[in-house]
Structure formats: structure tokens, C-alpha cells
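**Student:** Pasting work13.txt here (compact mmCIF, C-alpha atoms and all ligand atoms):
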```
# COMPACT_ATOMS: atom_id res chain seq x y z
CA MET R 1 -7.45 20.01 10.64
CA LYS R 2 -4.49 21.25 8.62
CA PHE R 3 -1.83 19.19 6.88
CA LEU R 4 1.84 20.10 7.05
CA SER R 5 4.75 19.29 4.79
CA THR R 6 7.47 17.12 6.35
CA ARG R 7 10.00 19.66 5.00
CA GLY R 8 8.26 22.54 6.77
CA VAL R 9 8.66 25.10 3.95
CA SER R 10 5.27 24.91 2.17
CA SER R 11 2.30 26.38 4.03
CA PRO R 12 -0.22 24.12 5.74
CA VAL R 13 -3.13 23.07 3.53
CA SER R 14 -6.60 21.55 3.88
CA ILE R 15 -7.14 17.84 3.33
CA ASP R 16 -8.78 18.55 -0.06
CA GLU R 17 -5.67 20.38 -1.26
CA ALA R 18 -3.36 17.71 0.15
CA LEU R 19 -5.34 14.95 -1.60
CA ALA R 20 -5.30 16.73 -4.95
CA ALA R 21 -1.60 17.69 -4.74
CA GLY R 22 0.01 14.40 -3.69
CA LEU R 23 3.45 15.86 -2.92
CA ALA R 24 3.85 19.24 -1.14
CA PRO R 25 5.35 22.06 -3.27
CA ASP R 26 8.58 21.95 -1.21
CA GLY R 27 9.01 18.28 -2.13
CA GLY R 28 7.89 17.03 1.29
CA LEU R 29 5.09 14.66 2.21
CA TYR R 30 1.90 15.85 3.84
CA VAL R 31 1.20 14.79 7.44
CA PRO R 32 -1.72 15.71 9.72
CA GLU R 33 -0.86 18.52 12.16
CA ARG R 34 -1.86 16.20 15.01
CA PHE R 35 -3.30 12.76 15.62
CA PRO R 36 -6.86 12.79 16.95
CA ASP R 37 -6.94 10.82 20.19
CA LEU R 38 -9.97 8.59 19.87
CA VAL R 39 -11.51 6.44 22.57
CA PHE R 40 -12.60 3.06 21.33
CA GLN R 41 -14.82 0.75 23.32
CA GLY R 42 -16.12 -2.71 22.61
CA PRO R 43 -15.31 -4.85 19.60
CA GLY R 44 -15.79 -2.01 17.16
CA ALA R 45 -18.08 -1.72 14.17
CA THR R 46 -17.90 -3.03 10.61
CA LEU R 47 -14.75 -2.29 8.62
CA ASP R 48 -16.29 0.61 6.69
CA ARG R 49 -17.77 2.21 9.84
CA THR R 50 -14.43 1.84 11.59
CA ALA R 51 -12.82 3.59 8.62
CA TYR R 52 -15.35 6.41 8.90
CA THR R 53 -14.74 6.86 12.65
CA LEU R 54 -10.97 7.05 12.10
CA LEU R 55 -11.12 9.41 9.15
CA ALA R 56 -13.89 11.79 10.28
CA SER R 57 -11.64 14.17 12.21
CA TYR R 58 -9.19 14.45 9.30
CA PHE R 59 -12.09 15.37 7.01
CA GLU R 60 -13.98 17.66 9.42
CA ASP R 61 -13.50 20.73 7.21
CA SER R 62 -13.35 18.93 3.88
CA SER R 63 -15.90 19.39 1.11
CA LEU R 64 -16.07 15.58 1.26
CA ARG R 65 -17.25 15.52 4.85
CA ASP R 66 -20.88 14.70 4.08
CA ARG R 67 -19.87 12.07 1.54
CA LEU R 68 -17.31 10.33 3.76
CA VAL R 69 -19.70 7.61 4.98
CA ASP R 70 -20.44 6.63 1.37
CA ILE R 71 -16.81 6.85 0.28
CA CYS R 72 -15.85 4.48 3.10
CA GLU R 73 -18.69 2.15 2.21
CA GLN R 74 -17.47 1.96 -1.41
CA ALA R 75 -13.79 1.58 -0.52
CA PHE R 76 -14.27 -0.98 2.26
CA SER R 77 -16.87 -3.19 0.62
CA PHE R 78 -14.86 -6.40 1.10
CA PRO R 79 -13.60 -7.89 4.37
CA ALA R 80 -10.18 -7.85 6.08
CA PRO R 81 -10.43 -10.94 8.30
CA LEU R 82 -8.00 -11.73 11.12
CA ARG R 83 -7.55 -15.50 11.14
CA PRO R 84 -5.80 -17.73 13.66
CA LEU R 85 -2.81 -19.68 12.33
CA HIS R 86 -1.62 -23.02 13.69
CA GLY R 87 0.68 -21.67 16.41
CA GLU R 88 -0.49 -20.30 19.76
CA GLY R 89 -0.98 -16.52 19.47
CA ASP R 90 -0.29 -16.49 15.72
CA HIS R 91 -2.70 -14.68 13.39
CA LEU R 92 -2.95 -13.61 9.77
CA LEU R 93 -4.55 -10.33 8.74
CA GLU R 94 -5.87 -11.09 5.23
CA LEU R 95 -5.85 -7.98 3.08
CA PHE R 96 -6.26 -9.73 -0.28
CA HIS R 97 -10.03 -9.98 -0.72
CA GLY R 98 -10.37 -7.01 -3.07
CA PRO R 99 -10.66 -6.93 -6.88
CA THR R 100 -6.89 -7.27 -7.52
CA ALA R 101 -6.11 -9.50 -4.51
CA ALA R 102 -3.64 -7.15 -2.76
CA PHE R 103 -4.00 -4.68 0.13
CA LYS R 104 -3.61 -1.69 -2.20
CA ASP R 105 -7.23 -2.17 -3.33
CA TYR R 106 -8.61 -0.51 -0.18
CA ALA R 107 -6.69 2.73 -0.52
CA ALA R 108 -6.85 2.89 -4.33
CA ARG R 109 -10.64 2.65 -4.12
CA PHE R 110 -10.78 5.27 -1.40
CA LEU R 111 -8.60 7.63 -3.43
CA ALA R 112 -10.67 7.06 -6.60
CA GLU R 113 -13.93 7.78 -4.77
CA ALA R 114 -12.46 10.87 -3.11
CA LEU R 115 -10.96 12.29 -6.32
CA SER R 116 -14.23 11.67 -8.18
CA GLU R 117 -16.14 13.59 -5.53
CA LEU R 118 -13.62 16.45 -5.59
CA ARG R 119 -13.79 16.73 -9.36
CA LYS R 120 -15.77 19.64 -10.79
CA PRO R 121 -18.36 18.50 -13.36
CA ASP R 122 -16.91 20.62 -16.18
CA ALA R 123 -13.26 19.78 -15.46
CA PRO R 124 -11.25 18.17 -18.30
CA THR R 125 -10.41 14.47 -18.09
CA THR R 126 -7.49 13.78 -15.73
CA THR R 127 -4.97 11.07 -16.52
CA ILE R 128 -3.65 9.22 -13.49
CA VAL R 129 -0.04 8.22 -14.20
CA VAL R 130 1.30 5.32 -12.13
CA ALA R 131 4.64 3.61 -12.19
CA THR R 132 4.27 0.16 -10.71
CA SER R 133 6.30 -2.91 -9.84
CA GLY R 134 3.05 -4.87 -10.07
CA ASP R 135 0.30 -4.39 -7.53
CA THR R 136 -0.26 -0.64 -7.34
CA GLY R 137 -1.00 -0.34 -11.04
CA ALA R 138 -3.64 -3.07 -10.97
CA ALA R 139 -5.34 -1.64 -7.88
CA VAL R 140 -5.41 1.86 -9.37
CA ALA R 141 -6.64 0.55 -12.75
CA ALA R 142 -9.44 -1.41 -11.07
CA ALA R 143 -10.44 1.56 -8.93
CA PHE R 144 -10.57 4.06 -11.83
CA HIS R 145 -11.83 1.71 -14.56
CA ARG R 146 -14.76 3.31 -16.44
CA ARG R 147 -14.84 6.18 -13.96
CA PRO R 148 -16.08 9.33 -15.76
CA GLY R 149 -13.48 12.11 -15.93
CA PHE R 150 -10.43 9.87 -15.47
CA ASN R 151 -7.97 7.95 -17.61
CA VAL R 152 -5.19 5.75 -16.27
CA ALA R 153 -1.70 5.25 -17.73
CA ILE R 154 0.21 2.40 -16.11
CA LEU R 155 3.97 2.02 -16.56
CA TYR R 156 5.49 -1.30 -15.57
CA PRO R 157 8.84 -2.97 -16.26
CA ASP R 158 8.39 -5.48 -19.09
CA GLY R 159 9.21 -9.03 -18.00
CA ARG R 160 9.78 -8.14 -14.35
CA VAL R 161 6.29 -8.68 -12.96
CA SER R 162 4.69 -12.10 -12.50
CA PRO R 163 2.59 -13.33 -15.47
CA ARG R 164 -0.60 -12.88 -13.46
CA GLN R 165 0.45 -9.42 -12.33
CA ALA R 166 1.02 -8.51 -16.01
CA HIS R 167 -2.42 -9.83 -16.84
CA GLY R 168 -3.94 -7.80 -14.00
CA LEU R 169 -2.38 -4.66 -15.47
CA GLY R 170 -3.38 -5.21 -19.08
CA CYS R 171 -6.92 -6.63 -18.74
CA TRP R 172 -8.90 -3.38 -18.30
CA GLY R 173 -9.16 -1.49 -21.58
CA ASP R 174 -11.62 1.42 -21.92
CA ASN R 175 -10.03 4.35 -20.04
CA VAL R 176 -7.00 2.34 -18.83
CA ARG R 177 -3.78 2.00 -20.88
CA ALA R 178 -0.97 -0.30 -19.82
CA PHE R 179 2.57 0.38 -21.01
CA ARG R 180 5.20 -2.34 -20.67
CA VAL R 181 8.40 -0.37 -20.45
CA ASP R 182 11.64 -1.73 -21.83
CA GLY R 183 13.50 -0.99 -18.59
CA SER R 184 13.46 -1.32 -14.80
CA PHE R 185 10.91 -0.13 -12.24
CA ASP R 186 13.21 2.84 -11.54
CA ASP R 187 12.96 3.76 -15.26
CA CYS R 188 9.16 3.63 -14.98
CA GLN R 189 9.25 5.88 -11.94
CA THR R 190 11.53 8.34 -13.72
CA LEU R 191 9.16 8.46 -16.72
CA ALA R 192 6.16 9.08 -14.46
CA LYS R 193 8.00 11.88 -12.66
CA GLN R 194 9.05 13.45 -15.95
CA ALA R 195 5.45 13.46 -17.15
CA LEU R 196 4.14 14.88 -13.88
CA SER R 197 6.64 17.74 -13.95
CA ASP R 198 6.09 18.56 -17.67
CA GLU R 199 4.05 21.76 -17.40
CA ALA R 200 3.49 22.06 -21.15
CA LEU R 201 2.10 18.53 -21.34
CA ARG R 202 -0.10 19.11 -18.30
CA ARG R 203 -1.72 22.14 -19.91
CA GLU R 204 -2.98 19.88 -22.69
CA ARG R 205 -3.46 16.75 -20.68
CA PRO R 206 -4.17 17.23 -16.96
CA LEU R 207 -2.24 14.62 -14.98
CA SER R 208 -2.33 13.33 -11.45
CA SER R 209 -0.54 10.60 -9.52
CA ALA R 210 -1.71 7.91 -7.17
CA ASN R 211 1.51 6.67 -5.60
CA SER R 212 1.99 5.54 -2.06
CA ILE R 213 2.97 8.95 -0.68
CA SER R 214 -0.58 10.25 -1.21
CA LEU R 215 -2.45 10.94 2.03
CA GLY R 216 -5.48 9.51 0.26
CA ARG R 217 -3.72 6.17 0.36
CA LEU R 218 -2.05 6.42 3.76
CA LEU R 219 -4.99 7.44 5.95
CA PRO R 220 -7.60 4.89 4.83
CA GLN R 221 -5.13 2.06 5.45
CA THR R 222 -5.46 2.71 9.20
CA ALA R 223 -8.93 1.13 9.06
CA TYR R 224 -8.01 -2.55 8.83
CA TYR R 225 -5.46 -2.25 11.62
CA ALA R 226 -8.05 -0.60 13.85
CA HIS R 227 -10.71 -3.13 12.96
CA ALA R 228 -8.44 -6.11 13.67
CA ALA R 229 -6.98 -4.68 16.89
CA LEU R 230 -10.42 -3.84 18.33
CA GLN R 231 -11.81 -7.25 17.48
CA PHE R 232 -8.73 -8.86 18.99
CA ARG R 233 -8.94 -6.87 22.23
CA ALA R 234 -12.62 -7.75 22.62
CA GLU R 235 -11.76 -11.45 22.39
CA HIS R 236 -8.42 -11.59 24.19
CA ASP R 237 -8.26 -8.46 26.34
CA ALA R 238 -4.77 -7.74 24.98
CA PRO R 239 -3.15 -5.54 22.35
CA LEU R 240 -2.22 -7.08 19.01
CA ASN R 241 1.32 -6.76 17.63
CA PHE R 242 1.78 -6.61 13.87
CA ILE R 243 4.44 -7.81 11.44
CA VAL R 244 4.19 -5.78 8.24
CA PRO R 245 5.87 -6.83 4.95
CA THR R 246 7.38 -3.53 3.90
CA GLY R 247 8.57 -1.77 0.77
CA ASN R 248 7.74 1.93 0.63
CA LEU R 249 6.54 1.90 4.25
CA GLY R 250 3.03 3.03 3.34
CA ASN R 251 1.25 0.14 4.98
CA ALA R 252 3.50 0.20 8.07
CA CYS R 253 3.02 3.98 8.46
CA ALA R 254 -0.74 3.37 8.50
CA ALA R 255 -0.30 0.89 11.36
CA PHE R 256 1.76 3.51 13.18
CA VAL R 257 -0.89 6.21 12.67
CA ALA R 258 -3.60 3.85 13.98
CA LYS R 259 -1.49 3.18 17.07
CA ARG R 260 -0.95 6.91 17.69
CA MET R 261 -4.72 7.43 17.41
CA GLY R 262 -5.23 5.30 20.49
CA LEU R 263 -5.85 1.84 19.05
CA PRO R 264 -4.72 -1.23 21.02
CA ILE R 265 -1.71 -1.97 18.84
CA GLY R 266 1.54 -3.16 20.42
CA GLU R 267 4.77 -3.46 18.50
CA ILE R 268 4.95 -2.91 14.73
CA ARG R 269 7.74 -5.02 13.26
CA LEU R 270 8.95 -4.53 9.70
CA ALA R 271 9.80 -7.38 7.33
CA THR R 272 11.75 -6.56 4.17
CA ASN R 273 13.17 -8.67 1.36
CA ALA R 274 16.86 -8.46 0.38
CA ASN R 275 16.43 -4.69 -0.05
CA ASP R 276 17.67 -3.96 3.45
CA VAL R 277 17.91 -0.17 3.76
CA LEU R 278 15.48 -0.22 6.71
CA PRO R 279 17.06 -3.14 8.62
CA ARG R 280 20.42 -1.36 8.34
CA PHE R 281 18.99 1.93 9.55
CA PHE R 282 17.10 0.43 12.49
CA ALA R 283 20.18 -1.57 13.49
CA GLY R 284 22.05 1.71 13.94
CA SER R 285 23.57 2.68 10.57
CA GLY R 286 22.71 5.91 8.82
CA TYR R 287 19.87 6.08 6.32
CA ALA R 288 21.49 5.06 3.03
CA PRO R 289 19.19 4.48 0.03
CA GLN R 290 20.48 1.84 -2.40
CA PRO R 291 19.73 0.81 -5.97
CA THR R 292 16.77 -1.57 -6.05
CA ARG R 293 17.48 -5.32 -6.05
CA ALA R 294 15.03 -7.65 -7.83
CA THR R 295 13.58 -10.32 -5.48
CA LEU R 296 10.73 -12.83 -5.37
CA ALA R 297 8.70 -10.34 -3.31
CA ASN R 298 8.77 -7.81 -6.16
CA ALA R 299 6.23 -5.34 -4.73
CA MET R 300 8.73 -4.74 -1.92
CA ASP R 301 11.71 -4.13 -4.23
CA VAL R 302 12.40 -0.64 -2.95
CA GLY R 303 15.82 0.90 -2.36
CA ALA R 304 14.61 4.27 -1.03
CA PRO R 305 11.34 3.81 0.92
CA SER R 306 9.26 6.85 0.04
CA ASN R 307 7.37 7.08 3.34
CA PHE R 308 10.53 7.02 5.47
CA GLU R 309 10.47 10.80 5.52
CA ARG R 310 7.06 10.68 7.23
CA LEU R 311 8.16 8.27 9.91
CA ARG R 312 11.25 10.37 10.61
CA HIS R 313 9.09 13.48 10.89
CA TRP R 314 7.05 11.90 13.69
CA TYR R 315 10.08 11.41 15.95
CA ASP R 316 12.41 13.92 17.62
CA ASP R 317 15.51 12.20 16.29
CA ASP R 318 16.73 8.99 14.71
CA ASP R 319 17.56 7.35 18.04
CA ALA R 320 13.99 7.81 19.25
CA LEU R 321 12.75 6.34 15.98
CA ARG R 322 15.14 3.39 16.22
CA ALA R 323 13.92 2.67 19.74
CA ASP R 324 10.38 1.95 18.45
CA PHE R 325 11.01 -0.36 15.48
CA ILE R 326 12.87 -3.48 14.50
CA ALA R 327 13.23 -4.31 10.80
CA GLU R 328 14.58 -7.58 9.46
CA SER R 329 15.49 -8.71 5.99
CA VAL R 330 14.53 -12.07 4.44
CA ASP R 331 16.43 -13.24 1.35
CA ASP R 332 14.97 -15.16 -1.60
CA ALA R 333 16.22 -18.58 -0.48
CA THR R 334 14.54 -18.07 2.90
CA ILE R 335 11.33 -16.82 1.23
CA ARG R 336 11.26 -20.09 -0.75
CA ASP R 337 11.84 -22.17 2.39
CA THR R 338 9.12 -20.31 4.25
CA ILE R 339 6.57 -20.84 1.47
CA ARG R 340 7.49 -24.53 1.19
CA GLN R 341 7.02 -25.12 4.93
CA ALA R 342 4.04 -22.81 5.50
CA PRO R 343 1.18 -25.28 4.83
CA GLN R 344 2.52 -27.66 7.48
CA ARG R 345 3.76 -25.05 9.89
CA HIS R 346 1.04 -22.39 9.71
CA GLY R 347 -1.83 -24.00 7.82
CA ILE R 348 -1.72 -21.59 4.88
CA VAL R 349 -0.07 -20.93 1.52
CA PRO R 350 1.49 -17.41 1.60
CA CYS R 351 2.49 -15.10 -1.24
CA PRO R 352 6.24 -14.25 -1.32
CA HIS R 353 5.63 -10.91 0.47
CA THR R 354 3.57 -12.46 3.23
CA ALA R 355 6.30 -15.11 3.56
CA THR R 356 8.79 -12.45 4.73
CA GLY R 357 6.41 -11.63 7.58
CA LEU R 358 5.86 -15.28 8.47
CA ARG R 359 9.61 -15.81 8.66
CA LEU R 360 9.93 -12.98 11.19
CA LEU R 361 7.17 -14.60 13.24
CA GLU R 362 9.07 -17.90 13.14
CA ARG R 363 12.23 -16.14 14.35
CA LEU R 364 10.29 -14.52 17.21
CA ARG R 365 8.82 -17.85 18.31
CA ALA R 366 12.24 -19.52 18.08
CA SER R 367 13.62 -16.84 20.42
CA GLY R 368 10.87 -17.51 22.98
CA ASP R 369 8.58 -14.56 22.25
CA ARG R 370 5.04 -15.40 23.48
CA ARG R 371 3.09 -12.32 22.46
CA HIS R 372 0.10 -12.23 20.10
CA TRP R 373 1.16 -11.37 16.57
CA GLY R 374 -0.81 -10.59 13.44
CA VAL R 375 1.19 -11.13 10.25
CA VAL R 376 -0.14 -8.90 7.50
CA ALA R 377 -0.98 -10.92 4.36
CA THR R 378 -0.47 -8.28 1.68
CA ALA R 379 -1.43 -10.32 -1.42
CA HIS R 380 -3.13 -13.58 -2.35
CA PRO R 381 -0.71 -16.41 -3.25
CA ALA R 382 -2.59 -17.13 -6.51
CA LYS R 383 -1.24 -13.86 -7.89
CA PHE R 384 2.26 -15.35 -7.67
CA GLU R 385 1.40 -18.86 -8.73
CA SER R 386 4.53 -19.17 -10.88
CA ILE R 387 6.62 -18.96 -7.68
CA VAL R 388 4.30 -20.52 -5.13
CA GLU R 389 2.76 -23.58 -6.82
CA SER R 390 6.00 -25.47 -7.45
CA LEU R 391 7.08 -24.87 -3.83
CA VAL R 392 3.89 -26.21 -2.23
CA GLY R 393 3.36 -28.87 -4.92
CA HIS R 394 -0.23 -28.08 -5.89
CA ALA R 395 -2.32 -25.51 -7.73
CA VAL R 396 -3.52 -22.42 -5.84
CA GLU R 397 -7.03 -21.37 -6.81
CA PRO R 398 -7.43 -17.67 -7.55
CA PRO R 399 -10.17 -15.91 -5.56
CA PRO R 400 -13.31 -15.05 -7.62
CA ALA R 401 -12.45 -11.42 -8.44
CA LEU R 402 -8.95 -12.38 -9.62
CA ALA R 403 -10.33 -15.32 -11.60
CA GLU R 404 -12.71 -12.98 -13.35
CA SER R 405 -9.96 -10.59 -14.46
CA LEU R 406 -7.78 -13.53 -15.56
CA ALA R 407 -10.61 -14.67 -17.83
CA ARG R 408 -10.55 -11.40 -19.76
CA PRO R 409 -8.03 -10.80 -22.59
CA ALA R 410 -5.06 -8.60 -21.71
CA SER R 411 -2.63 -6.49 -23.71
CA ALA R 412 -0.05 -3.81 -23.09
CA GLU R 413 1.76 -1.36 -25.37
CA LEU R 414 5.53 -1.73 -25.54
CA LEU R 415 7.28 1.55 -24.70
CA PRO R 416 11.01 2.36 -24.81
CA ALA R 417 12.34 3.82 -21.55
CA ASP R 418 12.43 7.21 -23.20
CA TYR R 419 10.38 10.21 -22.15
CA ALA R 420 9.77 11.57 -25.66
CA ALA R 421 8.03 8.30 -26.55
CA LEU R 422 5.78 8.43 -23.50
CA ARG R 423 4.93 12.09 -24.10
CA GLU R 424 3.83 11.32 -27.63
CA ARG R 425 1.54 8.53 -26.47
CA LEU R 426 -0.05 10.67 -23.75
CA LEU R 427 -0.89 13.62 -25.99
CA PRO R 428 -4.38 13.81 -27.47
CA ARG R 429 -4.55 12.23 -30.89
C1 LIG Z 501 2.94 -2.72 -2.10
C2 LIG Z 501 3.10 -4.07 -1.49
C3 LIG Z 501 3.90 -4.26 -0.34
C4 LIG Z 501 4.68 -3.14 0.31
O1 LIG Z 501 3.85 -2.15 0.87
P1 LIG Z 501 4.42 -0.70 1.25
O2 LIG Z 501 3.24 0.07 1.67
O3 LIG Z 501 5.07 -0.17 -0.01
O4 LIG Z 501 5.42 -0.90 2.33
C5 LIG Z 501 3.97 -5.53 0.21
N1 LIG Z 501 3.30 -6.57 -0.34
C6 LIG Z 501 2.54 -6.43 -1.45
C7 LIG Z 501 1.86 -7.62 -2.01
C8 LIG Z 501 2.40 -5.18 -2.05
O5 LIG Z 501 1.66 -5.06 -3.16
```
Here is the file; what I need is its structure written in the form of C-alpha cells.
**Tutor:**
Amino acid sequence: MKFLSTRGVSSPVSIDEALAAGLAPDGGLYVPERFPDLVFQGPGATLDRTAYTLLASYFEDSSLRDRLVDICEQAFSFPAPLRPLHGEGDHLLELFHGPTAAFKDYAARFLAEALSELRKPDAPTTTIVVATSGDTGAAVAAAFHRRPGFNVAILYPDGRVSPRQAHGLGCWGDNVRAFRVDGSFDDCQTLAKQALSDEALRRERPLSSANSISLGRLLPQTAYYAHAALQFRAEHDAPLNFIVPTGNLGNACAAFVAKRMGLPIGEIRLATNANDVLPRFFAGSGYAPQPTRATLANAMDVGAPSNFERLRHWYDDDDALRADFIAESVDDATIRDTIRQAPQRHGIVPCPHTATGLRLLERLRASGDRRHWGVVATAHPAKFESIVESLVGHAVEPPPALAESLARPASAELLPADYAALRERLLPR
């Protein structure tokens, strides 16, 4: 299987090249040349075997082919349960059982395993540079921590992540360095891009990225959708519809790919926070990226969703794309209301991101929709305890892996939002 650039200028490449490159040379995003049409019977296998089945045809001519079973076993070593909520037909897909309590753990671990396997034994140490608004950096740090041949440099906006998110970024040490940047997330992203395009720096200090446009993050995320939808069909003989809290569209694109591969997935509905580029587009306006607005659901604070280009590539034109998706925005006041009412209404405490999805479910039920929906729970509420606990009126216990990282000391280096300063810190001392 070959992988094409969404911009169509760069030549098709193998999966190994696409994984190592991240972005295509023409600035596009890599997409598979076709979607394998798989036939799934029965309730499906374990999560890691489901991942293997989905990914095998993409990796058929990869040097990783014979290692794929093990890579999937490592990446999918914690569950992704689909739990019933209080309401009839309402479900929660819990993706927060990994080491950093957010869905990005699955794909970060897959990417780390894959890049480790692709690495030549005598290659110099590669530094993974990630700009993060909170969760990506922690997942990438956890996945690459103490991994031979890799360092991690995390850039996050100082004071704009939750206290526990900051802890989760700074608690690693060893081969992981956390930089708290005196600036916004957009400043962090600009710094990361400047480093990645600095050829002179890269000759001395090989760099790589791990952001959400990487195929190594997109493809593995299909696994939990497949696993949940197969289990659901076996029990209910019906497809499962999903509501996906959305920022860069990476998670939602994975749901879309799983659906195109033949899985019993119905509608995929997109929930955003006050950053409403997608709701505007799907309601009929043009695609108009905006400056990012800070919200309670900070991992979804995105003004120009980076995977939009992929979704657009998979449709003939914008009208066809609009016909398949609905996106709705949920503002901060409504996120607060949703969290406050969720224990009574749904039987759970959601994180602010998951709350945007729950609110869309509530709107659907209020309008008489009777289908089966799975709301994707993208992070554990304990990660956002400073927002959630006062709204529900009690403490939220962190899951064991999160508790363990909170028990370690954490620190981060202050960095001005200035590329010369970052360059100096990255160079060998
Ligand atoms: C990253 C993230 C999102 C948004 O996911 P995308 O793939 O960027 O759309 C939503 N919720 C949480 C908790 C996240 O960390």
C-alpha cells in the first residue's frame, strides 16, 4: 500500500517513509491510497488484536510487518471500555485508562514503538519536539520516557494548562525536558516549526515531530472505534453512532477511517468548544481558520484544525463533505452546566472536553433522536480537577497511573517565546 499527499505534488511513499516524515514534502498530509474493505464477523477480538487486524493491510510492505502484533500489544495494553450511561441508548467510550489519562496515550505509544523499531542501531539520538496545549506532550513524554535513542522536548504555554496537566508534563526527567514558554500555544507551535525547519540545527541534533497529523497517530486510533462498534453490534444488532469532542480532528478522522473500512459505525458527530471553525463550515460557510480562543476544554482550543485537509481530501467537494457531518459548538458556560448536571443526568463526572460531547447528546435526545450513541470520553476528569471538583461538589480520585505521576516531583524550564533561546537549549552542551 502506498501513501499519497493530500496536495498531490509529492510522490507516493511507503508507510515507513510516511511515518518517519510526518508531513509530506509538498506540505500536505499523508493518506492511504485506498481503504481496505474488511469483513468483520462476531463480537471481535481483544483491543490489541482488533488494532492488528485493522492495521495489517497498511503495513503489508513495511519493515515493521513482522513486529506489528507486538507493537499493537504494547500500544493497546490498557482497555477502552464502552459503558452504558443512564439514558436509553446512551453510552460512553472511555479512552482515559492509559498512563496520562487521555486518549492520546494509545497513538503516542504506537508511534513510539514504531519509531523505535524503525530506528537503526547506530543512528544518533533523535529529539522529538512537541508543542502542546496539555495532553499531547504528556502522552508523548510517557511513551518515549527512557526509550534508548530518543529525547523529548515539550513546549507548553506557561500558566495556560491545568495544574495537573503541567505536572504531567514536567514529572518525567531523564530524556524528557519540559519547557514552559512565556507565550500562547500558537507561540509554542511556531517555535516547534522553526526548530523542525532549521536544517543547520538538525545536522547537529536530529529532530522529529509527533503531532496529530502523523499517520502513526491517526491509523492506530481506528482500533477503539472498531472494537466498540463490533462489541455493540454483537449485543444490539445495530450500528453505533459516535459523538467526538474535536480539536484538530485527529480522533474524528480515525472514526471516519474505521467507518470507511467497513465497521458498523453510523453517524459521526463533532463537538467543539467555543472555537467554532468546524460548526461554521459544516453549517454552510466557507472554511475560515480563526485565532485560537482559550476555553475550559483547552486540548480542543484549535482555530485551524490540522486534519481538516485530510477530511476534505476524502470527499469530491465541500457539499459532499457537509452532507456527512454535523458539528456543534459548546461554550464555557454550557460546559460548566453540563459537568454540574452530569452525575445526576448521566451517572458520571466528565472532563470539560467530554462535557461538550455529552451536551450534544442531550440536544439530540431533546430533539427526539432515539438512536444509539457513544460519546467519546477523551480524558479523565481528575486531570481537570481544578475545574470539575467545584462544579460537582466533591473530590475526583485520579486513576492509578495518573496518581503515580502526580506523586513524583515535577519541574519545567522557563523559556521566552523566542527561537534563538530554544535553539541554544536544544544544541549539545
Ligand atoms: C487532543 C484532545 C482532544 C481533541 O482531539 P483531536 O484529535 O485534536 O480532535 C479532545 N479532548 C482531549 C482531552 C484531548 O486531549
**Student:** Given the choices R:Asp318, R:Glu88, R:Asp135, R:Asp16, which gets closest to ligand LIG 501 (chain Z) if the distance is worked out from all atoms listed in the file?
**Tutor:**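 Ranked by minimum distance to ligand LIG 501 (chain Z), first place goes to R:Asp135.
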**Student:** Here is a test: counting all atoms listed in the file, which residue of R:Leu219, R:Val152, R:Leu249, R:Ala288 is nearest to ligand LIG 501 (chain Z)?
**Tutor:** R:Leu249
**Student:** Dump the neighbourhood of ligand LIG 501 (chain Z) as a list in words: all residues within 7 Å, distances computed on all atoms listed in the file.
**Tutor:**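 If we count all atoms listed in the file, the neighbours of ligand LIG 501 (chain Z) turn out to be Ala102, Phe103, Lys104, Asp135, Thr136, Ser212, Pro245, Thr246, Gly247, Asn248, Leu249, Gly250, Asn251, Ala252, Ala299, Met300, His353, Thr354, Thr378 and Ala379 of chain R.
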**Student:** Selection from above, C-alpha atoms, as an mmCIF file, keeping the file's coordinate frame, can you write it?
**Tutor:**
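Result written to selection_25.cif:
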```cif
data_model
loop_
_atom_site.group_PDB
_atom_site.id
_atom_site.type_symbol
_atom_site.label_atom_id
_atom_site.label_comp_id
_atom_site.auth_asym_id
_atom_site.auth_seq_id
_atom_site.Cartn_x
_atom_site.Cartn_y
_atom_site.Cartn_z
ATOM 1 C CA ALA R 102 -3.640 -7.150 -2.760
ATOM 2 C CA PHE R 103 -4.000 -4.680 0.130
ATOM 3 C CA LYS R 104 -3.610 -1.690 -2.200
ATOM 4 C CA ASP R 135 0.300 -4.390 -7.530
ATOM 5 C CA THR R 136 -0.260 -0.640 -7.340
ATOM 6 C CA SER R 212 1.990 5.540 -2.060
ATOM 7 C CA PRO R 245 5.870 -6.830 4.950
ATOM 8 C CA THR R 246 7.380 -3.530 3.900
ATOM 9 C CA GLY R 247 8.570 -1.770 0.770
ATOM 10 C CA ASN R 248 7.740 1.930 0.630
ATOM 11 C CA LEU R 249 6.540 1.900 4.250
ATOM 12 C CA GLY R 250 3.030 3.030 3.340
ATOM 13 C CA ASN R 251 1.250 0.140 4.980
ATOM 14 C CA ALA R 252 3.500 0.200 8.070
ATOM 15 C CA ALA R 299 6.230 -5.340 -4.730
ATOM 16 C CA MET R 300 8.730 -4.740 -1.920
ATOM 17 C CA HIS R 353 5.630 -10.910 0.470
ATOM 18 C CA THR R 354 3.570 -12.460 3.230
ATOM 19 C CA THR R 378 -0.470 -8.280 1.680
ATOM 20 C CA ALA R 379 -1.430 -10.320 -1.420
#
```
**Student:** Using atom CA of R:Leu19 and atom CA of R:Gly98 as the two end points, give the distance in Å to one decimal.
**Tutor:**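 It comes out at 22.6 Å.
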**Student:** What's around R:Ala234 at 12 Å? Count all atoms listed in the file, leave out sequence neighbours fewer than 6 positions away in its own chain, and write the answer as a count of residues only.
**Tutor:** 10
**Student:** Could you list, as a PyMOL selection string, every residue within 12 Å of R:Pro32, counting all atoms listed in the file and ignoring same-chain residues fewer than 6 positions away?
**Tutor:** chain R and resi 1-6+12-15+18-19+55+57-59+215-216+218-219+257+260-261+310+313-314
**Student:** Do you have the atom CA of R:Pro124-atom CA of R:Ile71 distance handy?
**Tutor:**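 These atoms are spaced 22.5 Å apart.
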